[in-house]
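Quick look at target_32.csv (CSV, C-alpha atoms and all ligand atoms):
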```
chain,number,residue,atom,x,y,z
J,1,MET,CA,-21.6,-10.8,25.0
J,2,THR,CA,-18.4,-12.0,23.3
J,3,GLN,CA,-17.3,-9.7,20.6
J,4,LEU,CA,-14.5,-9.8,18.1
J,5,ARG,CA,-12.0,-7.0,17.3
J,6,ALA,CA,-10.1,-7.4,14.0
J,7,HIS,CA,-7.5,-4.9,13.1
J,8,ALA,CA,-5.4,-4.6,10.0
J,9,PRO,CA,-2.7,-1.9,9.5
J,10,GLY,CA,-2.3,0.3,6.5
J,11,ARG,CA,1.2,0.6,5.0
J,12,VAL,CA,3.6,3.1,3.8
J,13,ASN,CA,6.1,2.1,1.1
J,14,LEU,CA,9.6,3.4,1.9
J,15,ILE,CA,10.9,2.5,-1.6
J,16,GLY,CA,10.0,0.3,-4.5
J,17,ASP,CA,6.8,1.5,-6.1
J,18,HIS,CA,5.2,0.1,-9.2
J,19,THR,CA,7.3,-3.0,-8.9
J,20,ASP,CA,4.9,-5.5,-7.3
J,21,TYR,CA,2.9,-6.4,-10.4
J,22,VAL,CA,6.2,-7.0,-12.4
J,23,GLY,CA,7.8,-9.4,-10.0
J,24,GLY,CA,10.1,-6.8,-8.6
J,25,LEU,CA,11.1,-5.6,-5.1
J,26,ALA,CA,9.7,-3.2,-2.5
J,27,LEU,CA,10.4,-2.2,1.1
J,28,PRO,CA,7.1,-1.2,2.8
J,29,VAL,CA,6.3,-0.8,6.5
J,30,ALA,CA,3.0,-1.7,8.1
J,31,ILE,CA,2.0,1.4,10.1
J,32,ASP,CA,0.2,2.1,13.3
J,33,LEU,CA,-2.8,3.6,11.4
J,34,GLY,CA,-5.3,1.0,10.3
J,35,THR,CA,-8.8,-0.3,10.1
J,36,THR,CA,-10.6,-1.9,13.1
J,37,ILE,CA,-13.8,-3.9,12.9
J,38,THR,CA,-15.6,-4.6,16.1
J,39,GLY,CA,-18.7,-6.7,16.5
J,40,SER,CA,-20.1,-10.2,16.7
J,41,ALA,CA,-21.3,-13.1,14.6
J,42,SER,CA,-24.9,-13.0,13.4
J,43,THR,CA,-27.1,-15.2,11.2
J,44,GLY,CA,-27.5,-14.7,7.5
J,45,VAL,CA,-26.6,-11.1,7.3
J,46,ILE,CA,-23.6,-8.7,7.4
J,47,GLU,CA,-24.4,-5.3,8.9
J,48,LEU,CA,-21.6,-2.8,9.3
J,49,GLN,CA,-21.5,0.9,10.1
J,50,SER,CA,-18.5,2.8,8.7
J,51,GLU,CA,-17.7,5.5,11.2
J,52,GLN,CA,-15.5,7.3,8.7
J,53,LEU,CA,-18.1,7.5,5.9
J,54,GLY,CA,-21.1,7.7,8.2
J,55,SER,CA,-23.0,5.1,6.4
J,56,ARG,CA,-24.3,1.6,7.0
J,57,MET,CA,-24.3,-1.5,4.8
J,58,HIS,CA,-26.6,-4.5,4.9
J,59,LEU,CA,-25.9,-7.6,2.9
J,60,ASP,CA,-27.5,-11.0,2.9
J,61,VAL,CA,-25.2,-14.0,3.0
J,62,PRO,CA,-24.3,-16.1,1.1
J,63,VAL,CA,-23.7,-13.3,-1.4
J,64,ASN,CA,-25.4,-13.9,-4.7
J,65,GLN,CA,-25.6,-10.3,-6.0
J,66,GLN,CA,-23.3,-8.8,-8.6
J,67,ILE,CA,-20.6,-7.1,-6.5
J,68,GLY,CA,-20.3,-4.1,-8.8
J,69,THR,CA,-23.9,-3.1,-8.3
J,70,ILE,CA,-23.9,-3.2,-4.5
J,71,GLU,CA,-24.5,0.1,-2.6
J,72,PRO,CA,-23.0,1.9,-0.7
J,73,SER,CA,-20.0,1.4,-3.0
J,74,TRP,CA,-17.5,0.8,-0.1
J,75,SER,CA,-19.5,-2.2,0.9
J,76,ARG,CA,-18.4,-3.9,-2.3
J,77,TYR,CA,-15.1,-4.7,-0.5
J,78,ILE,CA,-17.1,-6.4,2.3
J,79,ALA,CA,-19.2,-8.3,-0.2
J,80,ALA,CA,-16.2,-9.4,-2.2
J,81,VAL,CA,-14.6,-10.8,1.0
J,82,ALA,CA,-17.8,-12.5,2.1
J,83,ARG,CA,-18.2,-14.1,-1.3
J,84,GLU,CA,-14.5,-15.2,-1.6
J,85,MET,CA,-14.8,-16.8,1.9
J,86,ASP,CA,-18.2,-18.3,1.0
J,87,CYS,CA,-19.4,-16.7,4.3
J,88,ARG,CA,-22.7,-18.0,5.6
J,89,GLU,CA,-22.6,-16.9,9.2
J,90,GLY,CA,-22.9,-13.1,9.0
J,91,PHE,CA,-21.6,-10.3,11.2
J,92,THR,CA,-22.8,-7.2,12.9
J,93,GLY,CA,-20.6,-4.4,14.0
J,94,THR,CA,-18.7,-1.2,13.2
J,95,ILE,CA,-15.7,-0.2,11.1
J,96,SER,CA,-13.4,2.5,12.4
J,97,SER,CA,-10.3,3.7,10.8
J,98,THR,CA,-7.4,5.9,11.7
J,99,LEU,CA,-6.2,5.9,8.0
J,100,PRO,CA,-7.0,8.5,5.5
J,101,LEU,CA,-9.2,6.9,2.8
J,102,GLY,CA,-8.0,7.0,-0.8
J,103,ALA,CA,-4.6,8.6,0.1
J,104,GLY,CA,-2.3,5.8,-0.9
J,105,LEU,CA,-1.8,4.3,2.6
J,106,SER,CA,-3.9,1.2,1.7
J,107,SER,CA,-7.1,1.7,3.6
J,108,SER,CA,-8.7,-0.6,1.1
J,109,ALA,CA,-6.3,-3.5,1.7
J,110,SER,CA,-6.6,-3.0,5.5
J,111,LEU,CA,-10.4,-3.0,5.1
J,112,GLU,CA,-10.3,-6.3,3.2
J,113,LEU,CA,-8.0,-8.0,5.7
J,114,ALA,CA,-9.8,-6.8,8.7
J,115,THR,CA,-13.1,-7.9,7.2
J,116,ALA,CA,-11.7,-11.4,6.4
J,117,LEU,CA,-10.5,-11.8,10.0
J,118,ALA,CA,-13.8,-10.5,11.4
J,119,LEU,CA,-15.6,-13.1,9.2
J,120,GLY,CA,-13.5,-15.9,10.6
J,121,PHE,CA,-10.8,-16.3,8.0
J,122,ASP,CA,-8.5,-19.2,9.2
J,123,GLY,CA,-6.1,-19.8,6.4
J,124,SER,CA,-2.4,-18.9,6.2
J,125,THR,CA,-1.1,-15.3,6.3
J,126,LEU,CA,-0.1,-15.6,2.6
J,127,GLU,CA,-3.6,-16.8,1.7
J,128,LEU,CA,-5.0,-13.8,3.7
J,129,ALA,CA,-3.0,-11.4,1.5
J,130,ARG,CA,-4.0,-13.2,-1.7
J,131,LEU,CA,-7.7,-13.2,-0.7
J,132,GLY,CA,-7.4,-9.4,-0.2
J,133,GLN,CA,-5.9,-9.0,-3.7
J,134,ARG,CA,-8.6,-11.0,-5.3
J,135,CYS,CA,-11.2,-8.9,-3.5
J,136,GLU,CA,-9.7,-5.6,-4.7
J,137,LEU,CA,-10.2,-6.8,-8.2
J,138,ALA,CA,-13.7,-8.1,-7.6
J,139,ALA,CA,-14.8,-4.9,-5.7
J,140,VAL,CA,-13.3,-2.1,-7.8
J,141,GLY,CA,-11.8,-3.8,-10.8
J,142,VAL,CA,-8.2,-2.8,-9.9
J,143,PRO,CA,-5.7,-5.6,-10.9
J,144,CYS,CA,-3.4,-4.6,-8.1
J,145,GLY,CA,-0.2,-6.3,-7.1
J,146,LEU,CA,0.3,-7.8,-3.7
J,147,LEU,CA,2.2,-4.9,-2.0
J,148,ASP,CA,-0.6,-3.5,0.1
J,149,GLN,CA,-2.0,-6.8,1.3
J,150,LEU,CA,1.3,-8.4,2.0
J,151,SER,CA,2.4,-5.4,4.0
J,152,SER,CA,-0.7,-5.5,6.2
J,153,ALA,CA,-0.7,-9.3,6.6
J,154,PHE,CA,3.1,-9.6,7.5
J,155,GLY,CA,3.7,-6.3,9.4
J,156,ARG,CA,6.5,-6.5,12.0
J,157,GLU,CA,7.0,-4.0,14.8
J,158,GLY,CA,10.2,-1.9,14.3
J,159,HIS,CA,10.8,-3.5,10.9
J,160,ALA,CA,10.4,-2.7,7.2
J,161,LEU,CA,9.5,-5.7,4.9
J,162,LEU,CA,11.7,-6.6,2.0
J,163,ILE,CA,9.3,-8.2,-0.4
J,164,ASP,CA,10.4,-10.1,-3.5
J,165,PHE,CA,7.3,-10.4,-5.6
J,166,ALA,CA,8.9,-12.9,-8.0
J,167,THR,CA,9.0,-15.5,-5.2
J,168,THR,CA,6.6,-13.8,-2.8
J,169,SER,CA,9.2,-14.0,-0.1
J,170,ILE,CA,9.3,-11.5,2.8
J,171,GLU,CA,12.2,-10.6,4.9
J,172,PRO,CA,11.8,-8.2,7.9
J,173,ILE,CA,14.6,-5.7,8.0
J,174,GLU,CA,15.2,-3.9,11.3
J,175,LEU,CA,14.8,-0.1,11.2
J,176,PRO,CA,17.3,2.0,13.1
J,177,GLY,CA,15.9,3.5,16.3
J,178,ASP,CA,17.0,7.0,15.6
J,179,ILE,CA,14.7,7.8,12.7
J,180,GLU,CA,11.2,9.0,12.3
J,181,ILE,CA,8.8,8.1,9.4
J,182,VAL,CA,6.7,11.1,8.5
J,183,ILE,CA,3.8,11.0,6.1
J,184,ILE,CA,2.3,14.2,4.6
J,185,HIS,CA,-0.8,14.2,2.5
J,186,SER,CA,-0.1,16.3,-0.6
J,187,GLY,CA,-3.7,17.6,-0.5
J,188,VAL,CA,-4.1,16.3,-4.1
J,189,GLU,CA,-6.8,13.7,-4.3
J,190,ARG,CA,-5.7,10.8,-6.5
J,191,THR,CA,-7.3,11.1,-9.9
J,192,LEU,CA,-7.0,9.0,-13.0
J,193,ALA,CA,-5.4,6.4,-10.8
J,194,GLY,CA,-7.4,3.5,-12.2
J,195,SER,CA,-7.0,4.0,-15.9
J,196,ALA,CA,-3.4,5.2,-15.7
J,197,TYR,CA,-2.5,2.3,-13.5
J,198,GLY,CA,-3.7,-0.1,-16.1
J,199,GLU,CA,-1.7,1.7,-18.8
J,200,ARG,CA,1.5,1.5,-16.7
J,201,ARG,CA,0.9,-2.2,-16.2
J,202,THR,CA,0.5,-2.8,-19.9
J,203,ALA,CA,3.7,-0.9,-20.6
J,204,CYS,CA,5.6,-3.0,-18.1
J,205,GLU,CA,4.2,-6.2,-19.6
J,206,ARG,CA,5.3,-5.1,-23.1
J,207,ALA,CA,8.8,-4.4,-21.7
J,208,THR,CA,8.9,-7.7,-20.0
J,209,ALA,CA,8.0,-9.5,-23.2
J,210,LEU,CA,11.0,-7.8,-24.8
J,211,LEU,CA,13.6,-8.1,-22.1
J,212,GLY,CA,12.5,-10.8,-19.7
J,213,PRO,CA,11.9,-10.2,-15.9
J,214,LEU,CA,12.7,-6.5,-15.3
J,215,ALA,CA,13.8,-7.0,-11.7
J,216,ASP,CA,17.0,-8.8,-12.8
J,217,CYS,CA,17.5,-6.9,-16.1
J,218,ASP,CA,20.8,-5.2,-17.0
J,219,PRO,CA,20.0,-1.5,-17.6
J,220,ASN,CA,22.1,-1.7,-20.8
J,221,ALA,CA,19.4,-3.9,-22.3
J,222,LEU,CA,17.0,-0.9,-22.3
J,223,ASP,CA,18.5,0.1,-25.7
J,224,ARG,CA,16.6,-2.9,-27.1
J,225,ILE,CA,13.3,-1.1,-26.5
J,226,GLU,CA,12.5,1.2,-29.4
J,227,ASP,CA,9.4,2.9,-28.0
J,228,PRO,CA,10.6,5.7,-25.8
J,229,VAL,CA,7.7,5.6,-23.4
J,230,ILE,CA,7.9,1.8,-22.8
J,231,ARG,CA,11.7,2.3,-22.4
J,232,ARG,CA,11.2,4.9,-19.7
J,233,ARG,CA,8.6,2.8,-17.9
J,234,ALA,CA,11.0,-0.2,-17.9
J,235,ARG,CA,13.9,2.0,-16.8
J,236,HIS,CA,11.9,3.0,-13.7
J,237,VAL,CA,11.3,-0.6,-12.8
J,238,ILE,CA,14.8,-1.8,-13.4
J,239,THR,CA,16.5,1.1,-11.5
J,240,GLU,CA,13.8,1.0,-8.7
J,241,CYS,CA,14.5,-2.7,-8.0
J,242,GLN,CA,18.2,-1.9,-7.7
J,243,ARG,CA,17.4,1.0,-5.4
J,244,VAL,CA,15.5,-1.3,-3.1
J,245,ARG,CA,18.5,-3.6,-2.9
J,246,ASP,CA,20.8,-0.6,-2.2
J,247,ALA,CA,18.3,0.7,0.4
J,248,VAL,CA,18.4,-2.6,2.3
J,249,ALA,CA,22.2,-2.6,2.2
J,250,ALA,CA,22.1,1.0,3.6
J,251,LEU,CA,19.8,-0.1,6.4
J,252,ARG,CA,22.1,-3.0,7.2
J,253,SER,CA,25.2,-0.8,7.3
J,254,ASN,CA,23.3,2.0,9.1
J,255,THR,CA,24.1,4.6,6.4
J,256,ILE,CA,20.8,6.3,6.5
J,257,GLU,CA,22.0,9.3,4.4
J,258,THR,CA,22.4,6.8,1.5
J,259,PHE,CA,18.9,5.5,2.2
J,260,GLY,CA,17.6,9.1,2.0
J,261,ARG,CA,19.4,9.8,-1.3
J,262,LEU,CA,17.9,6.6,-2.8
J,263,MET,CA,14.4,7.8,-1.8
J,264,VAL,CA,15.0,11.1,-3.6
J,265,GLU,CA,16.3,9.2,-6.7
J,266,SER,CA,13.2,7.0,-6.5
J,267,HIS,CA,11.0,10.0,-6.5
J,268,ALA,CA,12.8,11.4,-9.6
J,269,SER,CA,12.3,8.1,-11.4
J,270,LEU,CA,8.6,8.0,-10.6
J,271,ARG,CA,8.2,11.6,-11.7
J,272,ASP,CA,10.3,11.5,-14.9
J,273,ASP,CA,10.3,7.9,-16.1
J,274,PHE,CA,7.1,6.5,-14.7
J,275,GLU,CA,5.2,9.8,-14.7
J,276,VAL,CA,3.0,9.1,-11.8
J,277,SER,CA,3.7,12.3,-9.8
J,278,THR,CA,2.1,15.7,-9.9
J,279,PRO,CA,3.6,19.2,-9.6
J,280,VAL,CA,2.1,19.7,-6.1
J,281,VAL,CA,3.6,16.4,-4.9
J,282,ASP,CA,7.0,17.3,-6.5
J,283,ALA,CA,7.0,20.7,-4.7
J,284,LEU,CA,6.2,19.0,-1.4
J,285,VAL,CA,9.1,16.6,-1.8
J,286,GLU,CA,11.4,19.5,-2.6
J,287,GLN,CA,10.1,21.4,0.4
J,288,LEU,CA,10.7,18.4,2.7
J,289,ILE,CA,14.2,17.5,1.6
J,290,ALA,CA,15.3,21.1,2.1
J,291,ILE,CA,14.6,20.7,5.8
J,292,ASP,CA,17.6,20.1,8.0
J,293,GLY,CA,17.5,16.5,9.3
J,294,VAL,CA,15.2,15.1,6.6
J,295,HIS,CA,17.2,12.2,5.1
J,296,GLY,CA,14.9,11.7,2.1
J,297,ALA,CA,11.3,12.0,0.8
J,298,ARG,CA,9.3,10.6,-2.1
J,299,VAL,CA,5.8,10.0,-3.3
J,300,THR,CA,4.5,6.7,-1.9
J,301,GLY,CA,2.0,4.2,-3.3
J,302,ALA,CA,0.5,4.4,-6.8
J,303,GLY,CA,1.0,8.2,-7.1
J,304,PHE,CA,-1.1,10.7,-9.0
J,305,GLY,CA,-1.5,12.6,-5.8
J,306,GLY,CA,-1.9,11.1,-2.3
J,307,CYS,CA,0.9,11.0,0.2
J,308,VAL,CA,4.6,11.7,0.5
J,309,VAL,CA,6.8,9.8,2.9
J,310,ALA,CA,9.9,11.3,4.5
J,311,LEU,CA,12.5,9.6,6.7
J,312,THR,CA,13.9,12.0,9.2
J,313,ARG,CA,16.1,12.5,12.2
J,314,PRO,CA,13.9,12.5,15.3
J,315,GLY,CA,12.2,15.8,15.7
J,316,ALA,CA,13.4,17.2,12.3
J,317,ILE,CA,9.7,17.7,11.4
J,318,HIS,CA,8.0,18.8,14.6
J,319,ASP,CA,4.4,19.0,13.3
J,320,PRO,CA,3.5,16.9,10.2
J,321,THR,CA,0.2,18.7,9.9
J,322,SER,CA,1.9,22.1,9.4
J,323,PHE,CA,2.4,21.5,5.6
J,324,THR,CA,-1.1,20.8,4.2
J,325,GLY,CA,-3.2,20.2,7.3
J,326,ARG,CA,-2.9,16.4,7.1
J,327,GLY,CA,0.2,14.5,8.2
J,328,TRP,CA,1.3,11.8,10.5
J,329,LYS,CA,4.3,10.4,12.3
J,330,VAL,CA,4.0,6.6,12.1
J,331,ARG,CA,5.7,3.6,13.6
J,332,ALA,CA,6.4,0.2,12.0
J,333,SER,CA,3.7,-2.0,13.4
J,334,GLY,CA,2.6,-5.6,13.7
J,335,PRO,CA,0.4,-7.6,11.3
J,336,ALA,CA,-3.3,-7.9,10.8
J,337,SER,CA,-4.8,-9.8,13.7
J,338,VAL,CA,-8.1,-10.6,15.5
J,339,GLU,CA,-8.9,-10.9,19.2
J,340,LEU,CA,-11.8,-11.8,21.3
J,341,ILE,CA,-13.1,-9.1,23.6
J,342,THR,CA,-15.5,-9.6,26.5
J,343,ASP,CA,-17.3,-6.9,28.3
B,1,LIG,P1,-6.3,3.6,-0.4
B,1,LIG,O1,-6.3,2.1,-0.3
B,1,LIG,O2,-5.0,4.1,-0.8
B,1,LIG,O3,-6.7,4.2,0.9
B,1,LIG,P2,-8.3,3.1,-2.3
B,1,LIG,O4,-9.0,4.0,-3.3
B,1,LIG,O5,-7.7,1.9,-2.8
B,1,LIG,O6,-7.3,4.0,-1.5
B,1,LIG,O7,-9.4,2.6,-1.2
B,1,LIG,C1,-10.2,3.6,-0.6
B,1,LIG,C2,-11.6,3.0,-0.5
B,1,LIG,O8,-11.7,1.9,0.4
B,1,LIG,C3,-12.6,4.0,0.0
B,1,LIG,O9,-13.1,4.8,-1.0
B,1,LIG,C4,-13.7,3.1,0.5
B,1,LIG,O10,-14.5,2.6,-0.5
B,1,LIG,C5,-12.9,1.9,1.1
B,1,LIG,N1,-12.6,2.1,2.5
B,1,LIG,C6,-11.5,2.1,3.2
B,1,LIG,N2,-11.6,2.3,4.5
B,1,LIG,C7,-12.9,2.4,4.7
B,1,LIG,C8,-13.7,2.6,5.9
B,1,LIG,N3,-13.2,2.7,7.1
B,1,LIG,N4,-15.1,2.6,5.8
B,1,LIG,C9,-15.6,2.4,4.6
B,1,LIG,N5,-14.9,2.2,3.4
B,1,LIG,C10,-13.6,2.2,3.5
B,2,MG,MG,-6.1,0.8,-1.9
```
Let me see the file written as structure tokens.
Ligand code: ADP
Ligand code: MG
Amino acid sequence: MTQLRAHAPGRVNLIGDHTDYVGGLALPVAIDLGTTITGSASTGVIELQSEQLGSRMHLDVPVNQQIGTIEPSWSRYIAAVAREMDCREGFTGTISSTLPLGAGLSSSASLELATALALGFDGSTLELARLGQRCELAAVGVPCGLLDQLSSAFGREGHALLIDFATTSIEPIELPGDIEIVIIHSGVERTLAGSAYGERRTACERATALLGPLADCDPNALDRIEDPVIRRRARHVITECQRVRDAVAALRSNTIETFGRLMVESHASLRDDFEVSTPVVDALVEQLIAIDGVHGARVTGAGFGGCVVALTRPGAIHDPTSFTGRGWKVRASGPASVELITD
């Protein structure tokens, strides 16, 4: 029997967080951890077993239920994709993932993209990413930017992706061969992420209304913002976009120590100005950057817990699980894709 295997990578953001929804810059990497959906087309129903969650979903297509009421709750992502694609065919199979779920490495975006490919998505790569973004909103009500979905859709082996969210342009930037990307789970489950995320977005919108697009804004203009909280949020975005530019320049000139310093500055900005870190995450970053051969480390993704990413000399961190029990060495990997398998 002919089967399909759709795979979509997760991502780790090296620098440039909370910049996507304000038209800023980011430098993520698609990673060799991801979501794989294996199965075959069926008629009128989608049936998928999640190996990670040990549960099964069943959904009649075309989808005419309210997405927010569908159980199990993880199947809302599947239902959102099926509805967006106006899927009528159906699919039966399994979902397996090498990503930690809910840790800030984009298991949700990778699930959305793998699902779309399994269900026969045949649009452009950019349309695939946009579809995933719409499904995130439909499934869980998160008005996310495009960072996660673009990273998964456009991943390139051995490269980070310089994304300009103002123009949705993506430029692969080659990574040096003599570095390792290490991800450590802080052990802190992300809490309050949804409501605080919305609050941060609103603050950035208010700052943009006062100053214009933050990505190109002169930091001196910050004095024009009276509200100290809005000013700090805007300062994070303005300085973070500049750090992304500087980080790309550092990669191009192979000054990896500079790249590491920028990561540490990014963490401080997310901690102090954007206030999306936690004391446990801060302590983990401190612990990592004190290790010989660690160029830099920072919280990655939306924050409020989740994972820390470190860039290191090869072998500087021998065992990524030795800190909290959960950690990974990852490689920059290729994009979401689908293949036919016959057995
Ligand atoms: P992140 O995207 O950072 O991992 P999210 O909270 O955005 O965190 O997404 C995690 C959610 O995505 C899970 O709670 C679950 O609903 C869904 N999900 C991701 N991967 C899987 C999977 N393999 N099986 C079932 N649900 C999954
Ligand atoms: Mg997610």
Exercise for review: Just give me the gap between CA of Gly155 in chain J and CA of Ala30 in chain J in Å, one decimal is fine.
Suggested key: 4.8 Å
Check your understanding: In Å, with one decimal, what is the gap from CA of Gly39 in chain J to CA of Ala103 in chain J?
Key ->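 CA of Ala103 in chain J lies at a distance of 26.5 Å from CA of Gly39 in chain J.
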Practice item. Rounded to one decimal place, report the CA of Ala109 in chain J-CA of Glu180 in chain J distance in Å. Key: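 Those two atoms sit 24.0 Å apart.
When all atoms listed in the file are used to measure the gap to ligand MG 2 (chain B), the shortest distance among J:Ser152, J:Ser106, J:Ser277, J:Ser322 belongs to J:Ser106.
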Check your understanding: Taking only C-alpha atoms into account, which of J:Leu33, J:Leu14, J:Leu113, J:Ala6 comes nearest His267 in chain J?
Key ->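 Result for the nearest residue to His267 in chain J: J:Leu14.
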Point to revise | Close residues to ligand MG 2 (chain B) using all atoms listed in the file, limit 12 Å, as number ranges by chain | key: J: 10-12, 74, 77, 99-113, 132-133, 135-137, 139-149, 152, 190, 193-194, 301-303, 306
Review point. Smallest atom-to-atom distance to Ser40 in chain J: which of J:Ile256, J:Arg88, J:Ile341, J:Ala203, using only C-alpha atoms?
Key: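 For Ser40 in chain J, the nearest of the given residues is J:Ile341.
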Study note, to complete from the structure: With distances taken over all atoms listed in the file, the candidate from J:Val237, J:Thr312, J:Tyr21, J:Ser97 nearest Tyr197 in chain J is J:Tyr21
Practice item. Could you tell me which of J:Pro62, J:Ala118, J:Leu222, J:Ile184 comes closest to Gln3 in chain J if we count only C-alpha atoms? Key: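 Nearest to Gln3 in chain J: J:Ala118.
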Check your understanding: Which one is closest to ligand LIG 1 (chain B): J:Ser124, J:Thr300, J:Gln52, J:Thr239? Count all atoms listed in the file.
Key ->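 The closest residue to ligand LIG 1 (chain B) is J:Gln52.
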Check your understanding: Near Val45 in chain J, within 8 Å and counting only C-alpha atoms, which residues show up once chain neighbours fewer than 2 positions away are dropped, as a PyMOL selection string?
Key -> chain J and resi 42-43+47+58-61+89-92
Point to revise | Spatial neighbours of Thr255 in chain J, max dist 12 Å, all atoms listed in the file, sep filter under 4 positions, as a PyMOL selection string | key: chain J and resi 175-176+178-179+246-251+259-262+295
Check your understanding: If you count only C-alpha atoms, which residues fall within 9 Å of range 157-162 of chain J, apart from same-chain ones fewer than 6 positions away, as JSON, numbers by chain?
Key -> {"J": [13, 14, 25, 26, 27, 28, 29, 30, 31, 151, 169, 170, 171, 172, 173, 174, 175, 176, 177, 244, 245, 248, 331, 332, 333, 334, 335]}
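Near Ser50 in chain J, within 7 Å and counting only C-alpha atoms, sit Leu53, Gly54, Ser55, Arg56, Thr94, Ile95 and Ser96 of chain J, not including residues fewer than 3 positions from it in the same chain.
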Exercise for review: Just the residues within 9 Å of Thr125 in chain J, please, counting all atoms listed in the file, with nothing from its chain fewer than 2 positions along; format it as a list in words.
Suggested key: Asp122, Gly123, Glu127, Leu128, Ala129, Arg130, Leu150, Ala153, Phe154 and Ala336 of chain J
